[in-house]
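Colleague: What follows is a single structure, and I will ask about it in a moment.
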Amino acid sequence: MTKHKTKLFAAACAGALLLAGCGKKDETLKLFSWSEYVPQAVIDKFTEETGIKVAVENYSSNEEMLAKLLAGGGAYDLIQPSEYTVQAMIKEDLLQELDQEKIPNLKNLAPEFRNMPFDPNNKFSVPWMAGFVGIVYNAEVVPGPIVSYKDVFTDEHAGRIVVLDDAREIVTWGLATAGIPINDVSDENLATITPLLKDWLGKVKVFDSDSPKTAMSNGDTDIGIVWSGEGALLFAENPKFQWVMPVEGVHMFVDNLAIPKTSRNKDKAEAFINFILRPDISKMISDEFPYYNPNLEARALLSPEQLNNPASYPPGFDVTSAQLFTDIGEQASKVDELITTIKAQ
Amino acid sequence: MTDAPSLVPLGRRWWLPQGPAVQRAFFGGWTIAVFAFLYLPIVLLVVYSFNDSRLNLYWAGFTTKWYGLLFGNEVLLRAFQNSLIVAAATTTLAVIIGTSAAWLLYRYRFPAQQTLGLLIFIPMVMPEVLMGVSLLVLFVSLGIPLGYGTLIIAHTTFCFPFVLVGVQARLQGIDPSLEEAAMDLGATPLKAFWLVIVPYLMPAIVAGALMSFTLSFDEYIVTIFTSGADSQTLPLKVYGMVRVGLNPQLNALSTLFIAATALLVIASQIFTRRKTL
Amino acid sequence: MAVTAATAVLPTGPSLQRRAGLGPWFAVTPMLGWLALFVIVPTLMLVVVSFCERDALGRIVYSFTFENYTRAFDWKWLKILGISVWYAFLTTVICLVLGYPVAYFIGRSSERVRGLLIMLVMIPFWTSFLIRTYAWISILSHEGLLNALLMTLNITSAPIGFMYTPFAVILGLVYNFLPFMILPIYTSVEKLDGSLIEAAYDLGARPARVFSQVVLPLTQPGIAAGILLVFVPAIAMFAITNLMGGGANPTIGEVIQNQFTRARNQPFGAALGVLLLAIFIFSLWLSSKFRRSEQE
């Protein structure tokens with residue numbers, strides 16, 4: 001048995017050396033993206049049409065991406081930061097300016113996504129997908145009407161609620177209910193909403209940012225505050241899962257593509273960005289992930305079923321009224337500590 | 001009258017363990033129950049691999065399409081292959097380092113022996129994210145590019161203590177005359193180690209190898225920080241899948257893998273010649 | 001508990017230990033080198049970082065500060081640490097009770113069956129952790145198999161909430177750690193000399209006594225190893241507790257993980273980690289001192 005293992009180990013070493021020797025690194029586009037956010041079909045089509053190979057690495061949170069990027073791990077050509085991360089990275093001069101001549105398909109984007117507050121005129125980033133955080137509930141079990149965050153955290157729902165396991169999100173709902181701007185996370189404001197949050201979180205059964213739909217569809221919870229993509233998947237599975245945008249104000253998140261300063265393949269990265277802005281390619285992304293597609297031309301290609309999903313494309317909702325996160329820097333730590341403390345009680 | 005132990009004559013009922021019948025029934029029954037517990041979710045997982053539904057919430061009909069799709073899913077298969085390579089290499093290294101270290105620490109007196117013993121536990125106690133980030137910084141500052149090598153090193157670091165502890169336990173109460181006898185017959189310490197001690201330690205080595213392989217195969221956090229683009233392993237691909245629902249192709253992959261392994265093991269046990277009578 | 005187990009496994013220098021000659025020194029150098037480079041250096045880096053600050057983006061700023069430690073010595077974090085240790089303790093005890101008979105049975109089986117069974121113990125864990133855990137979720141959930149079974153058998157009339165409870169957390173932990181208890185105990189049982197046990201019976205001892213006076217002491221190293229290999233990693237475990245417990249009761253592993261992700265406060269996470277290490281090593285050292293004085 002030891003002999004076989006030695007052989008296998010030798011093979012592994014040889015393999016590793018071979019791969020290390022393959023000096024094709026500079027010709028490959030290194031994409032660092034959220035796991036499962038870039039359909040493989042899109043990558044394959046890109047390689048097929050342009051001949052550029054794509055090496056994909058995944059992460060599962062903005063901060064994980066930042067941690068690896070800042071530690072110097074891997075010279076990535078494309079990353080997928082969310083809006084507040086883009087803002088922070090621009091401030092610290094970590095992104096390369098985009099050459100918009102190379103990205104003519106920018107015109108396909110809806111106008112409100114061409115000039116977002118965190119990156120005016122798309123100087124450094126291009127929106128990939130947007131989404132919201134809203135309320136989902138099982139209409140067969142929960143009688144309406146549900147319209148606000150407060151309606152979720154009632155005594156009847158105690159022990160049957162699922163919310164995102166995201167301290168910043170939770171704090172946002174508290175701030176919105178208290179009428180405070182959601183990006184104003186000063187210590188005083190946090191203290192103001194602490195009693196409210198304590199009351200709310202005591203009633204929550206499940207905290208889950210990865211797959212809150214599981215608790216809903218398994219019947220372990222009846223109501224929750226989740227990502228719109230989750231709501232859309234639930235609705236598509238069974239229309240009993242209703243989606244509501246809270247009246248206190250909805251906030252939108254926008255995931256973007258950006259090119260870090262350490263990239264050496266800027267033109268290839270820009271080619272990829274231009275590629276995914278094509279309506280047919282953007283549609284492929286929408287088919288896999290029912291989030292809000294900022295690409296107007298692509299939306300025209302979507303099926304009525306996709307467009308009628310209230311979680312993907314909330315009817316009558318004015319996207320320009322949605323609030324975006326700004327970067328809160330060191331306060332992120334205080335926010336996290338507050339929620340962790342409340343949870344631990 | 002106390003129960004007389006019934007020595008089961010080998011050759012006839014070779015599959016029964018030794019001991020009084022009541023004991024055998026009790027321990028055997030307990031084992032079956034525990035195995036049922038261990039395999040319950042596995043059975044479910046296998047069943048779902050044939051379920052005609054993407055989200056796997058209820059049974060929607062029998063299908064083998066996930067298996068078909070799996071064979072075309074190059075990304076997933078390559079990730080699986082990477083996991084296997086890394087786990088195999090990690091296991092080999094961990095076994096070599098862990099076993100030899102356990103023996104050397106047992107047999108010889110080194111200065112600062114106690115400290116060494118403590119240091120070995122650090123990778124077991126340290127939360128994975130800390131190990132991942134600190135190793136990443138180490139690799140970057142040493143200029144080592146991230147890839148298979150760094151990944152295997154990282155995995156081995158937290159796997160070898162498991163081998164070491166297991167082997168140390170087996171060494172406790174070892175008959176010292178074992179090694180002495182071999183050396184009396186003219187073997188060098190190294191030869192004595194290889195020909196006498198290692199066979200004695202084999203169950204612990206196998207146990208350590210099994211644990212290392214399992215730990216490495218499923219490791220996510222350390223992998224995220226120490227892998228490169230060409231060494232994306234299966235957990236990295238899988239962890240992102242929960243957002244759109246775990247792909248039943250994964251179920252198919254797991255089913256095939258454990259079926260293959262189980263069959264291999266059963267076959268090897270049937271076809272190995274019995275070493276002792 | 002684990003600490004006593006750890007020191008039981010630590011080499012305490014039997015009388016036949018020789019002073020290390022050139023050969024052994026040469027042989028131990030690879031391990032020493034590995035330890036030095038990949039364990040000591042990263043640990044030192046961690047200690048250094050724990051005394052640093054960080055900027056708004058989360059990057060480490062190398063200016064000395066005690067604030068991470070003063071912040072860590074707060075009841076809220078220590079309480080979370082306490083819960084994590086408690087879960088680990090429960091898990092270890094249950095794994096021991098469940099796993100020992102299995103290890104005994106397999107270890108005393110004939111050679112062929114032994115190899116097969118021990119592999120079969122581990123094989124379920126070569127499926128991906130996530131699909132295994134989601135399989136458990138679908139068994140234990142409101143509309144899952146367990147509730148369906150209980151209601152069909154008319155044992156209950158309404159679904160019980162098994163998921164997202166401490167019960168689910170311990171079940172998940174025990175499930176994932178059981179092989180790590182069974183395997184070490186098995187290696188001790190396997191070398192049990194059948195004639196010793198026979199002799200005990202021949203002398204008229206009842207099975208229970210044979211067990212407690214002969215079998216248990218002889219398998220004690222395996223038990224100690226099993227306890228170590230379950231208790232220690234279980235403290236820092238968070239993926240299982242998060243998934244099965246619904247994230248309502250954060251563990252220390254989760255808190256440290258958060259520092260590196262959402263909270264963007266790596267120095268604080270490092271400080272917590274260093275504390276965890278320090279507590280563990282200190283108790284190990286204490287216990288070994290205690291053991292040595294016991295032996296004298």
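Letters A, B, ... go to the chains of the structure tokens in the order shown; residues in each chain start at 1; ligands are counted from 1 in the same order.
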Please find the residues of chain B near chain C - the criterion being any atom within 6 Å, counting only C-alpha atoms - and write them as a ChimeraX atom specification.
Modeller: /B:17,27,31,41,106-110,124-125,127,134,166,169,203-204,207,254,269
Colleague: Tell me which protein, DNA and RNA residues are within 9 Å of Asp267 of chain A, counting only C-alpha atoms, leaving out same-chain ones fewer than 4 positions away, and put them as a list in words.
Modeller: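 The residues that qualify are Asp99, Lys102, Ala271 and Phe272 of chain A.
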Colleague: Dump as an MDAnalysis selection string the residues of chain A that approach chain C to within 7 Å, counting only C-alpha atoms.
Modeller: chainID A and resid 63:64 88 205:208 218:220 329:330 332:333 336 341 343:344
Colleague: Could you please take those selected residues and save N, CA and C atoms as a CSV table (one decimal), in the first residue's frame?
Modeller:
```
chain,number,residue,atom,x,y,z
A,63,GLU,N,-15.4,40.5,1.5
A,63,GLU,CA,-14.3,40.7,2.4
A,63,GLU,C,-13.3,39.6,2.2
A,64,GLU,N,-13.8,38.4,1.9
A,64,GLU,CA,-12.9,37.3,1.5
A,64,GLU,C,-12.0,37.7,0.3
A,88,ALA,N,-15.2,51.7,-1.7
A,88,ALA,CA,-14.0,51.7,-0.8
A,88,ALA,C,-12.7,51.5,-1.6
A,205,LYS,N,-35.9,32.6,14.0
A,205,LYS,CA,-35.5,31.2,14.1
A,205,LYS,C,-34.2,30.9,13.4
A,206,VAL,N,-34.1,31.4,12.2
A,206,VAL,CA,-32.9,31.1,11.4
A,206,VAL,C,-32.3,32.3,10.8
A,207,PHE,N,-30.9,32.3,10.9
A,207,PHE,CA,-30.1,33.4,10.2
A,207,PHE,C,-29.4,32.7,9.1
A,208,ASP,N,-29.6,33.1,7.9
A,208,ASP,CA,-29.0,32.4,6.8
A,208,ASP,C,-28.8,33.4,5.6
A,218,ASN,N,-38.8,24.4,3.3
A,218,ASN,CA,-38.9,23.2,4.2
A,218,ASN,C,-40.0,23.4,5.2
A,219,GLY,N,-40.6,24.5,5.2
A,219,GLY,CA,-41.7,24.7,6.2
A,219,GLY,C,-41.2,25.0,7.6
A,220,ASP,N,-39.9,25.2,7.8
A,220,ASP,CA,-39.4,25.6,9.1
A,220,ASP,C,-39.7,27.0,9.5
A,329,GLY,N,-16.6,51.6,6.5
A,329,GLY,CA,-15.2,51.5,7.1
A,329,GLY,C,-15.2,50.8,8.4
A,330,GLU,N,-14.6,51.4,9.4
A,330,GLU,CA,-14.4,50.7,10.6
A,330,GLU,C,-15.6,50.4,11.4
A,332,ALA,N,-18.0,48.9,10.5
A,332,ALA,CA,-18.5,47.5,10.2
A,332,ALA,C,-18.2,46.6,11.3
A,333,SER,N,-17.1,46.8,12.0
A,333,SER,CA,-16.8,46.0,13.2
A,333,SER,C,-17.8,46.2,14.3
A,336,ASP,N,-21.0,44.5,13.4
A,336,ASP,CA,-21.0,43.1,13.6
A,336,ASP,C,-21.0,42.7,15.1
A,341,THR,N,-23.5,40.2,19.7
A,341,THR,CA,-23.8,40.2,21.1
A,341,THR,C,-25.3,39.9,21.3
A,343,LYS,N,-27.3,38.3,19.4
A,343,LYS,CA,-27.6,36.9,19.1
A,343,LYS,C,-27.2,36.0,20.2
A,344,ALA,N,-26.1,36.3,20.9
A,344,ALA,CA,-25.6,35.4,21.9
A,344,ALA,C,-26.4,35.4,23.2
```
Colleague: When you look at segment 30-43 of chain A with a cut-off of 6 Å (counting only C-alpha atoms), what residues show up, excluding the ones that are within fewer than 5 positions of it in the same chain? I need them as a list in words.
Modeller: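 Non-adjacent residues within range: Val54, Ala55, Val56, Glu57, Asn58, Tyr59, Ser60, Tyr76, Asp77, Leu78, Ile79 and Gln80 of chain A; Gly240 and Met241 of chain B.
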Colleague: Write a file of the just-selected residues containing C-alpha atoms, as a PDB file, in the first residue's frame.
Modeller:
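This went into part.pdb:
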```pdb
ATOM      1  CA  VAL A  54     -10.422  32.102 -18.556  1.00  0.00           C
ATOM      2  CA  ALA A  55      -9.155  30.819 -15.210  1.00  0.00           C
ATOM      3  CA  VAL A  56     -11.819  31.115 -12.546  1.00  0.00           C
ATOM      4  CA  GLU A  57     -11.330  31.326  -8.818  1.00  0.00           C
ATOM      5  CA  ASN A  58     -14.225  31.706  -6.441  1.00  0.00           C
ATOM      6  CA  TYR A  59     -14.969  33.391  -3.164  1.00  0.00           C
ATOM      7  CA  SER A  60     -18.103  33.712  -1.097  1.00  0.00           C
ATOM      8  CA  TYR A  76      -6.491  38.851 -10.762  1.00  0.00           C
ATOM      9  CA  ASP A  77      -7.785  40.555 -13.858  1.00  0.00           C
ATOM     10  CA  LEU A  78     -11.427  40.752 -12.951  1.00  0.00           C
ATOM     11  CA  ILE A  79     -13.205  40.852  -9.627  1.00  0.00           C
ATOM     12  CA  GLN A  80     -16.866  41.096  -8.709  1.00  0.00           C
TER      13      GLN A  80
ATOM     14  CA  GLY B 240     -21.243  28.651  -3.886  1.00  0.00           C
ATOM     15  CA  MET B 241     -23.903  26.358  -5.217  1.00  0.00           C
TER      16      MET B 241
END
```
Colleague: Residues at most 10 Å from Thr262 of chain A, counting only C-alpha atoms, excluding those fewer than 3 positions away in the same chain, as a PyMOL selection string?
Modeller: chain A and resi 69+72+74-77+94-96+259+265-266
Colleague: Please compute the atom CA of Thr92 of chain B-atom CA of Lys68 of chain A distance, one decimal, in Å.
Modeller: 28.2 Å
Colleague: Find the distance between atom CA of Thr50 of chain A and atom CA of Asn121 of chain A and write it in Å to one decimal.
Modeller: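 Between atom CA of Thr50 of chain A and atom CA of Asn121 of chain A the gap works out to 27.1 Å.
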Colleague: Using only C-alpha atoms for the distances, tell me which of A:Lys240, A:Arg278, A:Lys213, A:Lys283 is nearest to chain B.
Modeller: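 Ranked by minimum distance to chain B, first place goes to A:Lys213.
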Colleague: Report the distance between atom CA of Thr99 of chain B and atom CA of Leu216 of chain C in Å, rounded to one decimal place.
Modeller: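 Straight-line distance from atom CA of Thr99 of chain B to atom CA of Leu216 of chain C works out to 24.9 Å.
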Colleague: For Phe118 of chain A, list every protein, DNA or RNA residue within 10 Å, evaluated using only C-alpha atoms, and leave out those in the same chain fewer than 2 positions away; present the list as a list of chain:residue names.
Modeller: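 Here the answer would be A:Glu83, A:Tyr84, A:Thr85, A:Val86, A:Gln87, A:Ala88, A:Ile90, A:Asn115, A:Met116, A:Pro120, A:Asn121, A:Asn122, A:Phe124, A:Ser125, A:Leu324, A:Phe325, A:Thr326, A:Asp327.
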Colleague: Show me, as a list in words, every residue of chain B with an atom at most 8 Å from chain A, counting only C-alpha atoms.
Modeller: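 On the chain B side, the interface is Leu57, Ile85, Val86, Ala88, Ala89, Thr92, Leu136, Val137, Val140, Pro145, Leu146, Gly147, Tyr148, Gly149, Ile224, Phe225, Gly228, Ala229, Asp230, Gln232, Leu236, Lys237, Tyr239, Gly240, Met241, Val242, Arg243, Val244 and Gly245 of chain B.
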Colleague: Can I get the selection written as an mmCIF file, in the first residue's frame, with N, CA and C atoms?
Modeller:
```cif
data_model
loop_
_atom_site.group_PDB
_atom_site.id
_atom_site.type_symbol
_atom_site.label_atom_id
_atom_site.label_comp_id
_atom_site.auth_asym_id
_atom_site.auth_seq_id
_atom_site.Cartn_x
_atom_site.Cartn_y
_atom_site.Cartn_z
ATOM 1 N N LEU B 57 -36.678 19.057 -3.166
ATOM 2 C CA LEU B 57 -37.487 19.228 -1.971
ATOM 3 C C LEU B 57 -38.507 18.120 -1.830
ATOM 4 N N ILE B 85 -6.384 14.583 -6.001
ATOM 5 C CA ILE B 85 -4.928 14.715 -6.055
ATOM 6 C C ILE B 85 -4.402 15.340 -4.763
ATOM 7 N N VAL B 86 -5.026 16.441 -4.379
ATOM 8 C CA VAL B 86 -4.571 17.136 -3.175
ATOM 9 C C VAL B 86 -4.725 16.243 -1.950
ATOM 10 N N ALA B 88 -4.833 12.970 -1.785
ATOM 11 C CA ALA B 88 -3.895 11.846 -1.811
ATOM 12 C C ALA B 88 -2.499 12.304 -1.414
ATOM 13 N N ALA B 89 -2.062 13.415 -1.993
ATOM 14 C CA ALA B 89 -0.728 13.923 -1.665
ATOM 15 C C ALA B 89 -0.642 14.313 -0.199
ATOM 16 N N THR B 92 -0.427 11.217 1.996
ATOM 17 C CA THR B 92 0.905 10.621 1.963
ATOM 18 C C THR B 92 1.881 11.389 2.850
ATOM 19 N N LEU B 136 -1.336 32.213 3.812
ATOM 20 C CA LEU B 136 -1.353 33.005 2.580
ATOM 21 C C LEU B 136 -0.294 34.097 2.650
ATOM 22 N N VAL B 137 -0.277 34.810 3.774
ATOM 23 C CA VAL B 137 0.706 35.880 3.926
ATOM 24 C C VAL B 137 2.117 35.319 3.866
ATOM 25 N N VAL B 140 2.977 34.432 0.256
ATOM 26 C CA VAL B 140 3.174 35.618 -0.569
ATOM 27 C C VAL B 140 4.498 36.293 -0.234
ATOM 28 N N PRO B 145 4.246 30.987 -5.535
ATOM 29 C CA PRO B 145 2.952 31.170 -6.210
ATOM 30 C C PRO B 145 1.923 30.168 -5.687
ATOM 31 N N LEU B 146 0.707 30.618 -5.618
ATOM 32 C CA LEU B 146 -0.344 29.758 -5.089
ATOM 33 C C LEU B 146 -0.716 28.693 -6.094
ATOM 34 N N GLY B 147 -0.820 27.483 -5.631
ATOM 35 C CA GLY B 147 -1.174 26.399 -6.532
ATOM 36 C C GLY B 147 -1.235 25.099 -5.757
ATOM 37 N N TYR B 148 -1.042 23.987 -6.458
ATOM 38 C CA TYR B 148 -1.101 22.687 -5.801
ATOM 39 C C TYR B 148 -0.168 22.624 -4.609
ATOM 40 N N GLY B 149 1.077 23.096 -4.816
ATOM 41 C CA GLY B 149 2.091 22.984 -3.770
ATOM 42 C C GLY B 149 1.641 23.634 -2.480
ATOM 43 N N ILE B 224 -9.551 28.113 0.347
ATOM 44 C CA ILE B 224 -9.867 29.396 -0.290
ATOM 45 C C ILE B 224 -8.650 30.309 -0.295
ATOM 46 N N PHE B 225 -7.919 30.310 0.803
ATOM 47 C CA PHE B 225 -6.824 31.265 0.906
ATOM 48 C C PHE B 225 -5.522 30.770 0.317
ATOM 49 N N GLY B 228 -4.605 28.153 -5.932
ATOM 50 C CA GLY B 228 -4.477 28.988 -7.111
ATOM 51 C C GLY B 228 -5.552 28.629 -8.114
ATOM 52 N N ALA B 229 -5.516 29.276 -9.257
ATOM 53 C CA ALA B 229 -6.583 29.082 -10.237
ATOM 54 C C ALA B 229 -6.629 27.665 -10.768
ATOM 55 N N ASP B 230 -5.484 27.000 -10.824
ATOM 56 C CA ASP B 230 -5.478 25.665 -11.409
ATOM 57 C C ASP B 230 -5.764 24.586 -10.382
ATOM 58 N N GLN B 232 -8.418 24.551 -8.091
ATOM 59 C CA GLN B 232 -9.723 24.734 -7.474
ATOM 60 C C GLN B 232 -10.297 23.367 -7.134
ATOM 61 N N LEU B 236 -14.695 24.255 -3.054
ATOM 62 C CA LEU B 236 -14.783 25.632 -3.518
ATOM 63 C C LEU B 236 -15.945 25.799 -4.478
ATOM 64 N N LYS B 237 -16.142 24.812 -5.338
ATOM 65 C CA LYS B 237 -17.237 24.904 -6.298
ATOM 66 C C LYS B 237 -18.573 24.698 -5.597
ATOM 67 N N TYR B 239 -19.513 25.161 -2.382
ATOM 68 C CA TYR B 239 -20.018 26.130 -1.416
ATOM 69 C C TYR B 239 -20.792 27.257 -2.043
ATOM 70 N N GLY B 240 -20.486 27.576 -3.270
ATOM 71 C CA GLY B 240 -21.243 28.651 -3.886
ATOM 72 C C GLY B 240 -22.575 28.198 -4.423
ATOM 73 N N MET B 241 -22.704 26.868 -4.561
ATOM 74 C CA MET B 241 -23.903 26.358 -5.217
ATOM 75 C C MET B 241 -25.155 26.530 -4.382
ATOM 76 N N VAL B 242 -24.983 26.643 -3.059
ATOM 77 C CA VAL B 242 -26.196 26.684 -2.236
ATOM 78 C C VAL B 242 -27.115 27.808 -2.634
ATOM 79 N N ARG B 243 -26.532 28.887 -3.197
ATOM 80 C CA ARG B 243 -27.378 30.045 -3.483
ATOM 81 C C ARG B 243 -28.436 29.730 -4.515
ATOM 82 N N VAL B 244 -28.090 28.897 -5.495
ATOM 83 C CA VAL B 244 -29.117 28.562 -6.480
ATOM 84 C C VAL B 244 -29.616 27.143 -6.265
ATOM 85 N N GLY B 245 -29.234 26.574 -5.142
ATOM 86 C CA GLY B 245 -29.658 25.206 -4.884
ATOM 87 C C GLY B 245 -28.559 24.245 -5.292
#
```
Colleague: May I have the residues within 12 Å of Thr154 of chain A as a tab-separated table (two decimals) with C-alpha atoms, in the first residue's frame, using only C-alpha atoms and disregarding those fewer than 2 positions away in the same chain?
Modeller:
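What landed in selection24.tsv:
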```tsv
chain	number	residue	atom	x	y	z
A	142	VAL	CA	-49.52	33.99	6.94
A	146	ILE	CA	-47.52	42.43	5.22
A	148	SER	CA	-43.27	46.75	6.55
A	149	TYR	CA	-40.35	45.35	8.49
A	150	LYS	CA	-42.42	45.68	11.66
A	151	ASP	CA	-45.06	43.37	10.21
A	152	VAL	CA	-42.48	40.61	10.05
A	156	GLU	CA	-47.57	35.59	15.91
A	157	HIS	CA	-44.52	34.99	13.77
A	158	ALA	CA	-42.14	34.43	16.67
A	159	GLY	CA	-40.00	31.38	16.07
A	160	ARG	CA	-41.08	31.16	12.43
A	161	ILE	CA	-38.90	33.89	10.96
A	196	LEU	CA	-35.72	47.28	18.77
A	199	ASP	CA	-36.85	42.46	20.44
A	200	TRP	CA	-36.75	41.46	16.81
A	201	LEU	CA	-33.85	39.03	16.87
A	202	GLY	CA	-35.29	37.14	19.80
A	203	LYS	CA	-38.09	36.06	17.50
A	204	VAL	CA	-35.90	34.88	14.66
A	223	ILE	CA	-41.90	34.59	6.80
A	224	GLY	CA	-38.56	36.24	6.31
```
Colleague: Just checking: using only C-alpha atoms, which residue out of B:Leu69, B:Leu118, B:Ile96, B:Ala21 ends up closest to Ser283 of chain C?
Modeller: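 Nearest candidate to Ser283 of chain C out of B:Leu69, B:Leu118, B:Ile96, B:Ala21: B:Leu118.
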Colleague: I want to know what sits within 12 Å of Ala60 of chain B, based on only C-alpha atoms, with residues of the same chain fewer than 3 positions away left out; could you give that as a PyMOL selection string?
Modeller: chain B and resi 47-57+63
